[in-house]
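Novice: The structure follows.
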Amino acid sequence: MPSITKPLIPAVRRERNALGLTIRDYEGPMSTLCAGCGHDSTTAALVQALWQSNLEPHRVVKLSGIGCSSKTPTYFLRSAHGFNSVHGRMAPIATGANAANRDLLYLGISGDGDALSIGLGHLCHAVRRNVRMVYLIENNGVYGLTKGQFSPTADLGSLSHRGEHNLVPPIDPMLLGLSLGATFLARGFSGDKAHLVPILEAALAHRGFALVDVISPCVQFNNHAASTKSYAATRAHELHVTDLAVPHAPVTATIPTEGAVDVPMPGGGSVRLRALPADYDPTDRRSVSAFLHEHAGRGEVPTGLLFLDESVPDMHERSGSSRVPLNQLAFDELCPGADALDALQAAYR
Amino acid sequence: MSAWAASIDERPAAPAPPERAPGVNDFSCTIATANGTGSASANALLVRAVFRMGVPVSGKNLLPSNIQGMPTWYEIRVNGDGHTARTGRCHLMAAMNAQTFPQDVAAVAPGGYVLYDATAVPSYRWERDDVGFLGVPLSLLVGEVSEDPRQRVLLRNVAYVGALSALLAVDPTVVAAALSERFAGRPELEQANQRAFELGFDHAESRVDCPLPFHVAPAHGTAGAVLMDGNTSTAIGCLYAGATVAAWYPITPSTSVMDRFGELCARYRRVPDVQPADALGGGPAGAGDLDTPAGQRDNYLIVQAEDELAAIGMVVGANWNGARAFTATSGPGLSLMGELLGLAYYAEIPAVVFDVQRSGPSTGMPTRTQQADLLEAAYASHGDTKHLLLFPADPKECFDFAVVAFDAAERFQTPVLVLSDFDIGMNDWVVPRLQWDDRFQPDRGRVLSRGDLASMERYFRYAPWDDEHVAARTLPGVDPKGAYFTRGSGHDSLGDYTEAPQRYQEVVDRLAAKHAAATGHLPEPLVEHHGGARVGVITLGSADAAVREAVEELAGRGVPVDYLRVRSFPFHAAVADFLRAHDRCIVVEQNRDGQLRSLLVAEAAAAPDRLGSVRCYGGLPVTVPDVVDGILLELGR
């Protein structure tokens with residue numbers, strides 16, 4: 001991906017996190033996406049969330065497929081390994097990488113075409129396996145790099161920049177995730193950083209597959225008046241279901257106020273959810289499903305932490321695989337040796 | 001006849017010898033059944049007994065792509081000299097399937113025999129008087145052993161093994177021992193099976209002049225050998241090579257690679273759970289695992305993927321992250337894996353793929369064999385892509401080459417495809433016992449440690465490269481200095497994105513040089529000279545057994561030919577030398593289009609006008625007469 005190097009010397013003194021790192025340590029080179037692209041705002045929110053989460057940059061693995069969204073891993077965490085793979089296949093690559101080393105944090109960036117069209121099958125199965133990773137969909141309802149075709153999240157009847165109507169209904173990744181047994185579902189808006197950062201922090205702390213749908217408008221091809229994924233439309237229809245605050249330093253016991261749900265986060269601290277409406281329960285799959293269906297029908301975009309289940313083992317725990325990452329096992333732990341081979345072959349005599 | 005053929009050897013070939021009579025430790029026997037009746041294990045029992053008597057033997061499954069009820073055949077060849085290829089001859093037919101009875105009788109060589117179940121005599125105009133019909137009321141006999149209809153079907157199989165054992169002088173105590181092992185811990189089943197075997201054996205022995213003129217005589221031809229299929233030995237090879245991650249999608253005939261790998265791992269890769277919980281965790285510890293015993297952990301992870309695209313994606317991801325990972329598949333799966341194999345080639349990521357070939361194109365014939373994925377595998381993916389290929393000829397080489405594959409993949413940071421096939425993978429072969437040297441250390445290739453990185457000013461992924469054109473890689477999570485961006489998009493020698501012609505070309509040219517440099521680390525071709533022959537025969541993989549025997553037969557008929565079996569791609573210089581050293585070479589392979597021949601023309605500078613072709617691609621393992629006749633035809637004899 002073409003990119004422009006950013007100056008590393010900060011003009012102003014910057015705050016340091018618990019690791020002594022400034023936010024600049026979580027950045028990458030300058031983006032080459034279009035000015036005003038929602039993805040750049042999402043990147044900024046991600047940088048903030050990673051910095052606040054006190055993650056060592058090189059212990060994060062960035063992965064993506066192909067598309068505008070998939071270019072963004074270049075633009076953050078310059079000291080982390082990145083893997084810009086092929087269209088739609090980020091989830092299998094991440095699954096394999098996670099299989100090899102369970103101790104790193106896997107951060108996958110996808111788009112609505114990459115995740116929900118060409119990569120839909122893989123997304124579904126990564127959800128089912130509960131691979132421990134963040135899977136972020138930068139959702140703009142349109143194919144940007146190929147100049148404006150409808151994506152699988154384009155709303156029924158919405159207009160393309162060429163004036164054509166979208167004739168097929170959209171896929172809602174949150175409803176899809178719910179039906180597949182997802183353990184973490186959240187939606188944010190790239191134009192609302194204050195709301196998005198805590199969502200991303202919660203996703204980074206989740207010990208399973210965290211699916212985050214970020215409405216991220218395309219200024220070139222899907223920001224016009226007739227679009228339902230424009231900045232204006234998203235602002236007009238965004239419905240904050242839950243607001244998040246992730247306490248960092250010592251966890252203080254927060255007394256639940258009326259209408260609030262506290263969800264413990266094993267990765268560190270707890271997430272305090274202030275539910276709107278008051279009776280929203282993000283741990284109840286059925287009521288969340290009903291809620292999402294109802295609001296999708298009204299053209300609203302519910303945002304926040306929509307669903308969470310921390311009781312499900314991830315791929316490794318489900319399989320009982322080694323606590324030591326598989327890529328760190330010594331050869332003599334893996335090879336049974338000549339005597340065992342002789343013994344084993346007795347059955348083939 | 002083409003001009004060269006007359007010029008190379010003026011002597012006329014000896015006429016084809018008369019049909020060779022079967023003899024002691026030299027005959028073929030076919031068992032015709034319907035699939036899904038449990039006959040496979042009975043057939044394997046008979047073959048194992050012959051093997052244990054010290055006589056080389058092979059068993060070929062000629063089975064339908066179906067679960068139950070379709071005709072299936074099992075061809076057993078017993079040969080004291082160790083020839084195990086199909087001969088196309090049948091001296092004794094166990095005609096257990098009424099559906100195919102007439103065609104099965106027709107397949108028997110004159111002077112041969114037909115064993116049939118005389119409980120219900122098939123409607124058949126007993127028109128052949130040149131074969132002996134031996135009726136044994138198998139179903140009736142086993143009726144006394146069990147009331148259960150399903151059990152009776154299974155016992156009838158063991159009863160025909162009994163009858164065949166009597167006819168062929170297979171030692172009943174050897175079969176009895178094998179039955180005891182198989183039903184260890186299940187005394188009732190063992191007793192029933194032993195009884196069924198005895199009934200079949202005794203009935204045949206008391207009513208027929210046993211043994212037949214051709215039969216088994218104890219020998220010492222299988223000392224130091226094992227009887228094993230190639231998918232099993234492949235799985236053992238992956239275990240020994242230190243593979244920890246496997247991802248796959250079920251597909252015939254490769255599935256048993258992963259079945260065996262899983263069984264082996266459960267046996268050899270489970271360790272006590274002693275480590276404290278890790279920092280990042282992964283959900284509630286052990287909460288979901290139903291298969292790993294409490295207090296144990298698996299030093300492996302097998303993922304049954306959603307499709308082959310995902311399977312190869314997982315393999316690429318795991319190898320990128322420093323685990324030895326592999327997948328097993330067959331033609332349709334390989335087609336799906338193309339794009340990601342191209343990524344692994346261009347981004348320089350190790351990957352090991354076992355392609356157990358079946359008959360294509362498309363779905364083709366899933367339970368039939370072919371060697372028709374050569375070109376697909378050599379150049380899998382769009383763009384200028386070339387892979388390293390290994391061609392095992394038998395289960396022993398499947399084991400050896402599995403280890404070679406992981407070493408080569410990591411050393412050269414590129415995919416290695418091992419091309420086995422249905423015949424090797426799903427049939428039992430007599431091969432030398434698998435050997436392991438405990439001093440073996442895997443070649444993990446150039447991977448920089450934290451310490452290595454500390455001594456470097458800056459790290460670039462694709463530079464500098466060594467004299468094999470390989471640059472060192474780093475693994476995620478080790479050190480911030482090692483971080484780089486892996487991309488399948490155009491990149492320069494430092495790993496940065498580029499669209500500049502020169503910088504792009506520098507990388508793809510290095511990849512071509514790296515591909516060529518790998519040759520020396522792959523198995524060299526096997527060459528056999530037969531005293532100044534001017535004709536060479538070239539083959540690969542499972543065709544080896546039939547071609548070797550054909551070469552012997554041709555020599556006996558005054559047509560000496562030299563022999564070369566390629567075992568890897570890119571081709572060693574010895575292949576081009578062999579091509580140059582002979583007036584004419586004939587490539588024997590199991591596909592329609594002469595894919596190995598094409599590859600030799602494209603990649604070993606073979607002159608097309610001096611390169612003949614014998615192709616057997618009907619889906620059954622090539623027979624010796626196929627090869628002999630094909631070569632003679634090519635030579636204009």
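Letters for chains follow the order of the structure tokens (A, B, ...), residue numbers begin at 1 for each chain, and ligand numbers begin at 1 in the order shown.
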Please tabulate, as JSON lines, the residues of chain A that come within 6 Å of chain B, each with its closest pair of atoms and the distance in Å to one decimal, counting only C-alpha atoms and ordering rows by chain, then residue number upward.

Specialist:
```
{"residue": "A:Met1", "atom": "CA", "partner": "B:Tyr497", "partner_atom": "CA", "distance": 5.3}
{"residue": "A:His58", "atom": "CA", "partner": "B:Pro480", "partner_atom": "CA", "distance": 5.0}
{"residue": "A:Arg59", "atom": "CA", "partner": "B:Gly477", "partner_atom": "CA", "distance": 4.5}
{"residue": "A:Ser79", "atom": "CA", "partner": "B:Pro480", "partner_atom": "CA", "distance": 4.9}
{"residue": "A:Ala80", "atom": "CA", "partner": "B:Ala483", "partner_atom": "CA", "distance": 5.2}
{"residue": "A:His81", "atom": "CA", "partner": "B:Ala483", "partner_atom": "CA", "distance": 4.6}
{"residue": "A:Gly82", "atom": "CA", "partner": "B:Phe485", "partner_atom": "CA", "distance": 4.5}
{"residue": "A:Phe83", "atom": "CA", "partner": "B:Thr486", "partner_atom": "CA", "distance": 4.6}
{"residue": "A:Asn84", "atom": "CA", "partner": "B:Arg487", "partner_atom": "CA", "distance": 4.9}
{"residue": "A:Pro92", "atom": "CA", "partner": "B:Met314", "partner_atom": "CA", "distance": 4.8}
{"residue": "A:Ile93", "atom": "CA", "partner": "B:Gly317", "partner_atom": "CA", "distance": 4.2}
{"residue": "A:Thr95", "atom": "CA", "partner": "B:Met314", "partner_atom": "CA", "distance": 5.9}
{"residue": "A:Gly96", "atom": "CA", "partner": "B:Met314", "partner_atom": "CA", "distance": 3.8}
{"residue": "A:Ala97", "atom": "CA", "partner": "B:Ala318", "partner_atom": "CA", "distance": 4.3}
{"residue": "A:Ala100", "atom": "CA", "partner": "B:Ala318", "partner_atom": "CA", "distance": 5.0}
{"residue": "A:Arg207", "atom": "CA", "partner": "B:Gly282", "partner_atom": "CA", "distance": 5.1}
{"residue": "A:Pro313", "atom": "CA", "partner": "B:Gly283", "partner_atom": "CA", "distance": 4.4}
{"residue": "A:Asp314", "atom": "CA", "partner": "B:Gly282", "partner_atom": "CA", "distance": 5.3}
{"residue": "A:Glu317", "atom": "CA", "partner": "B:Gly286", "partner_atom": "CA", "distance": 4.8}
{"residue": "A:Arg318", "atom": "CA", "partner": "B:Gly288", "partner_atom": "CA", "distance": 4.3}
{"residue": "A:Ser319", "atom": "CA", "partner": "B:Asp289", "partner_atom": "CA", "distance": 5.3}
{"residue": "A:Gly320", "atom": "CA", "partner": "B:Arg297", "partner_atom": "CA", "distance": 5.4}
{"residue": "A:Ser321", "atom": "CA", "partner": "B:Asp298", "partner_atom": "CA", "distance": 4.4}
{"residue": "A:Ser322", "atom": "CA", "partner": "B:Arg297", "partner_atom": "CA", "distance": 5.1}
{"residue": "A:Asn327", "atom": "CA", "partner": "B:Ala323", "partner_atom": "CA", "distance": 4.4}
{"residue": "A:Leu334", "atom": "CA", "partner": "B:Gly242", "partner_atom": "CA", "distance": 5.3}
{"residue": "A:Cys335", "atom": "CA", "partner": "B:Tyr240", "partner_atom": "CA", "distance": 4.8}
{"residue": "A:Gly337", "atom": "CA", "partner": "B:Asp438", "partner_atom": "CA", "distance": 5.8}
{"residue": "A:Ala338", "atom": "CA", "partner": "B:Trp436", "partner_atom": "CA", "distance": 5.0}
{"residue": "A:Tyr348", "atom": "CA", "partner": "B:Leu227", "partner_atom": "CA", "distance": 5.3}
{"residue": "A:Arg349", "atom": "CA", "partner": "B:Val226", "partner_atom": "CA", "distance": 5.2}
```

Novice: As a list in words, please: the residues near Ala409 (chain B) (cut-off 10 Å, only C-alpha atoms, same-chain neighbours under 2 positions excluded).

Specialist: Asn319, Arg324, Glu348, Ile349, Pro350, Ala351, Val352, His387, Leu388, Val404, Ala405, Phe406, Asp407, Arg411, Phe412, Gln413, Thr414, Pro415, Val416, Leu417, Asp443, Arg444, Gly445 and Ala518 of chain B

Novice: Could you turn the residues from that selection into a file that holds C-alpha atoms, as a compact mmCIF listing (two decimals), in the first residue's frame?

Specialist:
```txt
# COMPACT_ATOMS: atom_id res chain seq x y z
CA ASN B 319 3.34 -21.05 8.97
CA ARG B 324 4.78 -26.20 10.95
CA GLU B 348 7.36 -16.07 0.80
CA ILE B 349 5.50 -18.04 3.42
CA PRO B 350 6.07 -21.76 3.96
CA ALA B 351 3.15 -24.14 3.42
CA VAL B 352 2.89 -27.89 2.97
CA HIS B 387 5.95 -24.27 -6.68
CA LEU B 388 8.15 -27.02 -5.32
CA VAL B 404 11.56 -33.21 3.23
CA ALA B 405 8.50 -31.08 2.44
CA PHE B 406 8.47 -29.25 5.77
CA ASP B 407 12.22 -28.65 5.63
CA ARG B 411 14.16 -23.24 4.15
CA PHE B 412 12.81 -21.70 0.96
CA GLN B 413 9.82 -19.92 2.54
CA THR B 414 7.46 -21.22 -0.09
CA PRO B 415 4.71 -23.80 -0.60
CA VAL B 416 5.69 -27.41 -1.17
CA LEU B 417 3.11 -29.72 -2.69
CA ASP B 443 15.68 -27.20 8.93
CA ARG B 444 13.58 -24.29 10.13
CA GLY B 445 15.13 -21.93 7.60
CA ALA B 518 15.71 -25.36 -4.07
```

Novice: Which of these, B:Val78, B:Leu453, B:Val566, B:Ala602, has the shortest distance to Phe27 (chain B) once you count only C-alpha atoms?

Specialist: B:Val78

Novice: Write down as a list in words the residues belonging to region 385-543 of chain B that are assigned strand (DSSP E) by DSSP computed on the backbone.

Specialist: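 Here is the list: Leu388, Leu389, Leu390, Pro415, Val416, Leu417, Val418, Leu419, Ser420, Asp421, Asp428, Trp429, Val430, Val431, Pro432, Phe485, Thr486, Arg487, Leu526, Val527, Glu528, Val535, Gly536, Val537, Ile538, Thr539 and Leu540 of chain B.
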
Novice: Could you pull out the helix (DSSP H, G or I) residues of region 147-324 of chain B from DSSP and send them as an MDAnalysis selection string?

Specialist: chainID B and resid 149:168 172:182 187:207 230:241 255:268 308:320

Novice: Got a sec: who's within 9 Å of Gly618 (chain B), counting only C-alpha atoms, leaving out chain neighbours fewer than 2 positions off, as a VMD selection string?

Specialist: chain B and resid 359 368 to 370 590 to 592 616 620 to 622

Novice: Atoms to include: N, CA and C atoms. Write the selected residues as a PDB file, in the first residue's frame.

Specialist:
```pdb
ATOM      1  N   SER B 359      -9.185 -38.900  -9.995  1.00  0.00           N
ATOM      2  CA  SER B 359      -9.452 -38.651 -11.402  1.00  0.00           C
ATOM      3  C   SER B 359     -10.263 -37.387 -11.591  1.00  0.00           C
ATOM      4  N   ARG B 368     -11.168 -42.977  -7.906  1.00  0.00           N
ATOM      5  CA  ARG B 368     -10.274 -43.547  -8.918  1.00  0.00           C
ATOM      6  C   ARG B 368      -8.999 -42.714  -8.983  1.00  0.00           C
ATOM      7  N   THR B 369      -7.953 -43.358  -9.407  1.00  0.00           N
ATOM      8  CA  THR B 369      -6.638 -42.711  -9.315  1.00  0.00           C
ATOM      9  C   THR B 369      -6.243 -42.031 -10.608  1.00  0.00           C
ATOM     10  N   GLN B 370      -5.360 -41.056 -10.511  1.00  0.00           N
ATOM     11  CA  GLN B 370      -4.764 -40.383 -11.667  1.00  0.00           C
ATOM     12  C   GLN B 370      -3.554 -39.590 -11.201  1.00  0.00           C
ATOM     13  N   GLN B 590      -0.061 -41.194 -15.685  1.00  0.00           N
ATOM     14  CA  GLN B 590      -1.478 -41.518 -15.573  1.00  0.00           C
ATOM     15  C   GLN B 590      -2.336 -40.257 -15.691  1.00  0.00           C
ATOM     16  N   ASN B 591      -2.304 -39.679 -16.897  1.00  0.00           N
ATOM     17  CA  ASN B 591      -3.214 -38.582 -17.217  1.00  0.00           C
ATOM     18  C   ASN B 591      -3.375 -38.526 -18.725  1.00  0.00           C
ATOM     19  N   ARG B 592      -4.371 -37.801 -19.192  1.00  0.00           N
ATOM     20  CA  ARG B 592      -4.678 -37.800 -20.622  1.00  0.00           C
ATOM     21  C   ARG B 592      -3.708 -36.967 -21.440  1.00  0.00           C
ATOM     22  N   CYS B 616      -1.980 -43.604 -19.323  1.00  0.00           N
ATOM     23  CA  CYS B 616      -3.052 -44.486 -18.861  1.00  0.00           C
ATOM     24  C   CYS B 616      -3.887 -43.669 -17.899  1.00  0.00           C
ATOM     25  N   LEU B 620      -7.989 -46.504 -13.118  1.00  0.00           N
ATOM     26  CA  LEU B 620      -7.470 -47.632 -12.339  1.00  0.00           C
ATOM     27  C   LEU B 620      -5.943 -47.594 -12.405  1.00  0.00           C
ATOM     28  N   PRO B 621      -5.283 -48.068 -11.347  1.00  0.00           N
ATOM     29  CA  PRO B 621      -3.826 -48.050 -11.373  1.00  0.00           C
ATOM     30  C   PRO B 621      -3.300 -48.737 -12.629  1.00  0.00           C
ATOM     31  N   VAL B 622      -2.306 -48.154 -13.242  1.00  0.00           N
ATOM     32  CA  VAL B 622      -1.762 -48.650 -14.503  1.00  0.00           C
ATOM     33  C   VAL B 622      -1.283 -50.099 -14.348  1.00  0.00           C
TER      34      VAL B 622
END
```

Novice: Rounded to one decimal place, report the CA of Ile31 (chain B)-CA of Gly360 (chain B) distance in Å.

Specialist: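 Straight-line distance from CA of Ile31 (chain B) to CA of Gly360 (chain B) works out to 26.4 Å.
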
Novice: Just want the 7 Å neighbourhood of Thr385 (chain B), counted on only C-alpha atoms, with same-chain residues fewer than 4 positions away dropped. Output as a list in words.

Specialist: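 What passes the distance filter is Gly342, Tyr345, Tyr379, Ala380 and Ser381 of chain B.
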
Novice: As a list of chain:residue names, please: the residues near Phe401 (chain B) (cut-off 9 Å, only C-alpha atoms, same-chain neighbours under 5 positions excluded).

Specialist: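 The contact residues come out as B:Thr234, B:Gly237, B:Leu390, B:Phe391, B:Pro392, B:Lys396, B:Phe406, B:Val418, B:Leu522, B:Pro523.
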
Novice: Just the selected residues (C-alpha atoms), exported as a PDB file, in the first residue's frame, please.

Specialist:
```
ATOM      1  CA  THR B 234       2.053 -39.356   5.312  1.00  0.00           C
ATOM      2  CA  GLY B 237       5.705 -38.208   8.470  1.00  0.00           C
ATOM      3  CA  LEU B 390       7.486 -33.882  -4.548  1.00  0.00           C
ATOM      4  CA  PHE B 391       6.358 -37.121  -6.187  1.00  0.00           C
ATOM      5  CA  PRO B 392       6.380 -40.067  -3.792  1.00  0.00           C
ATOM      6  CA  LYS B 396       7.680 -45.241   2.309  1.00  0.00           C
ATOM      7  CA  PHE B 406       8.472 -29.254   5.770  1.00  0.00           C
ATOM      8  CA  VAL B 418       3.439 -33.467  -2.240  1.00  0.00           C
ATOM      9  CA  LEU B 522      14.737 -32.054  -3.097  1.00  0.00           C
ATOM     10  CA  PRO B 523      14.929 -35.791  -3.813  1.00  0.00           C
TER      11      PRO B 523
END
```

Novice: Quick check, in Å to one decimal: how far apart do CA of Arg584 (chain B) and CA of Ala85 (chain B) lie?

Specialist: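 CA of Ala85 (chain B) lies 25.0 Å from CA of Arg584 (chain B).
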
Novice: Residues near Ser117 (chain A), anyone? I mean within 9 Å using only C-alpha atoms, not counting same-chain ones fewer than 3 positions away, as an NGL selection string.

Specialist: :A and (88 or 112-114 or 120-121 or 151-152)

Novice: Contacts of Leu167 (chain A) at 10 Å or less, counting only C-alpha atoms, minus same-chain residues fewer than 3 places along, as a list in words?

Specialist: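 Answer for this query is Phe150, Ala154, Asp155, Leu156, Gly157, Ser158, Leu159, Glu164 and Pro170 of chain A.
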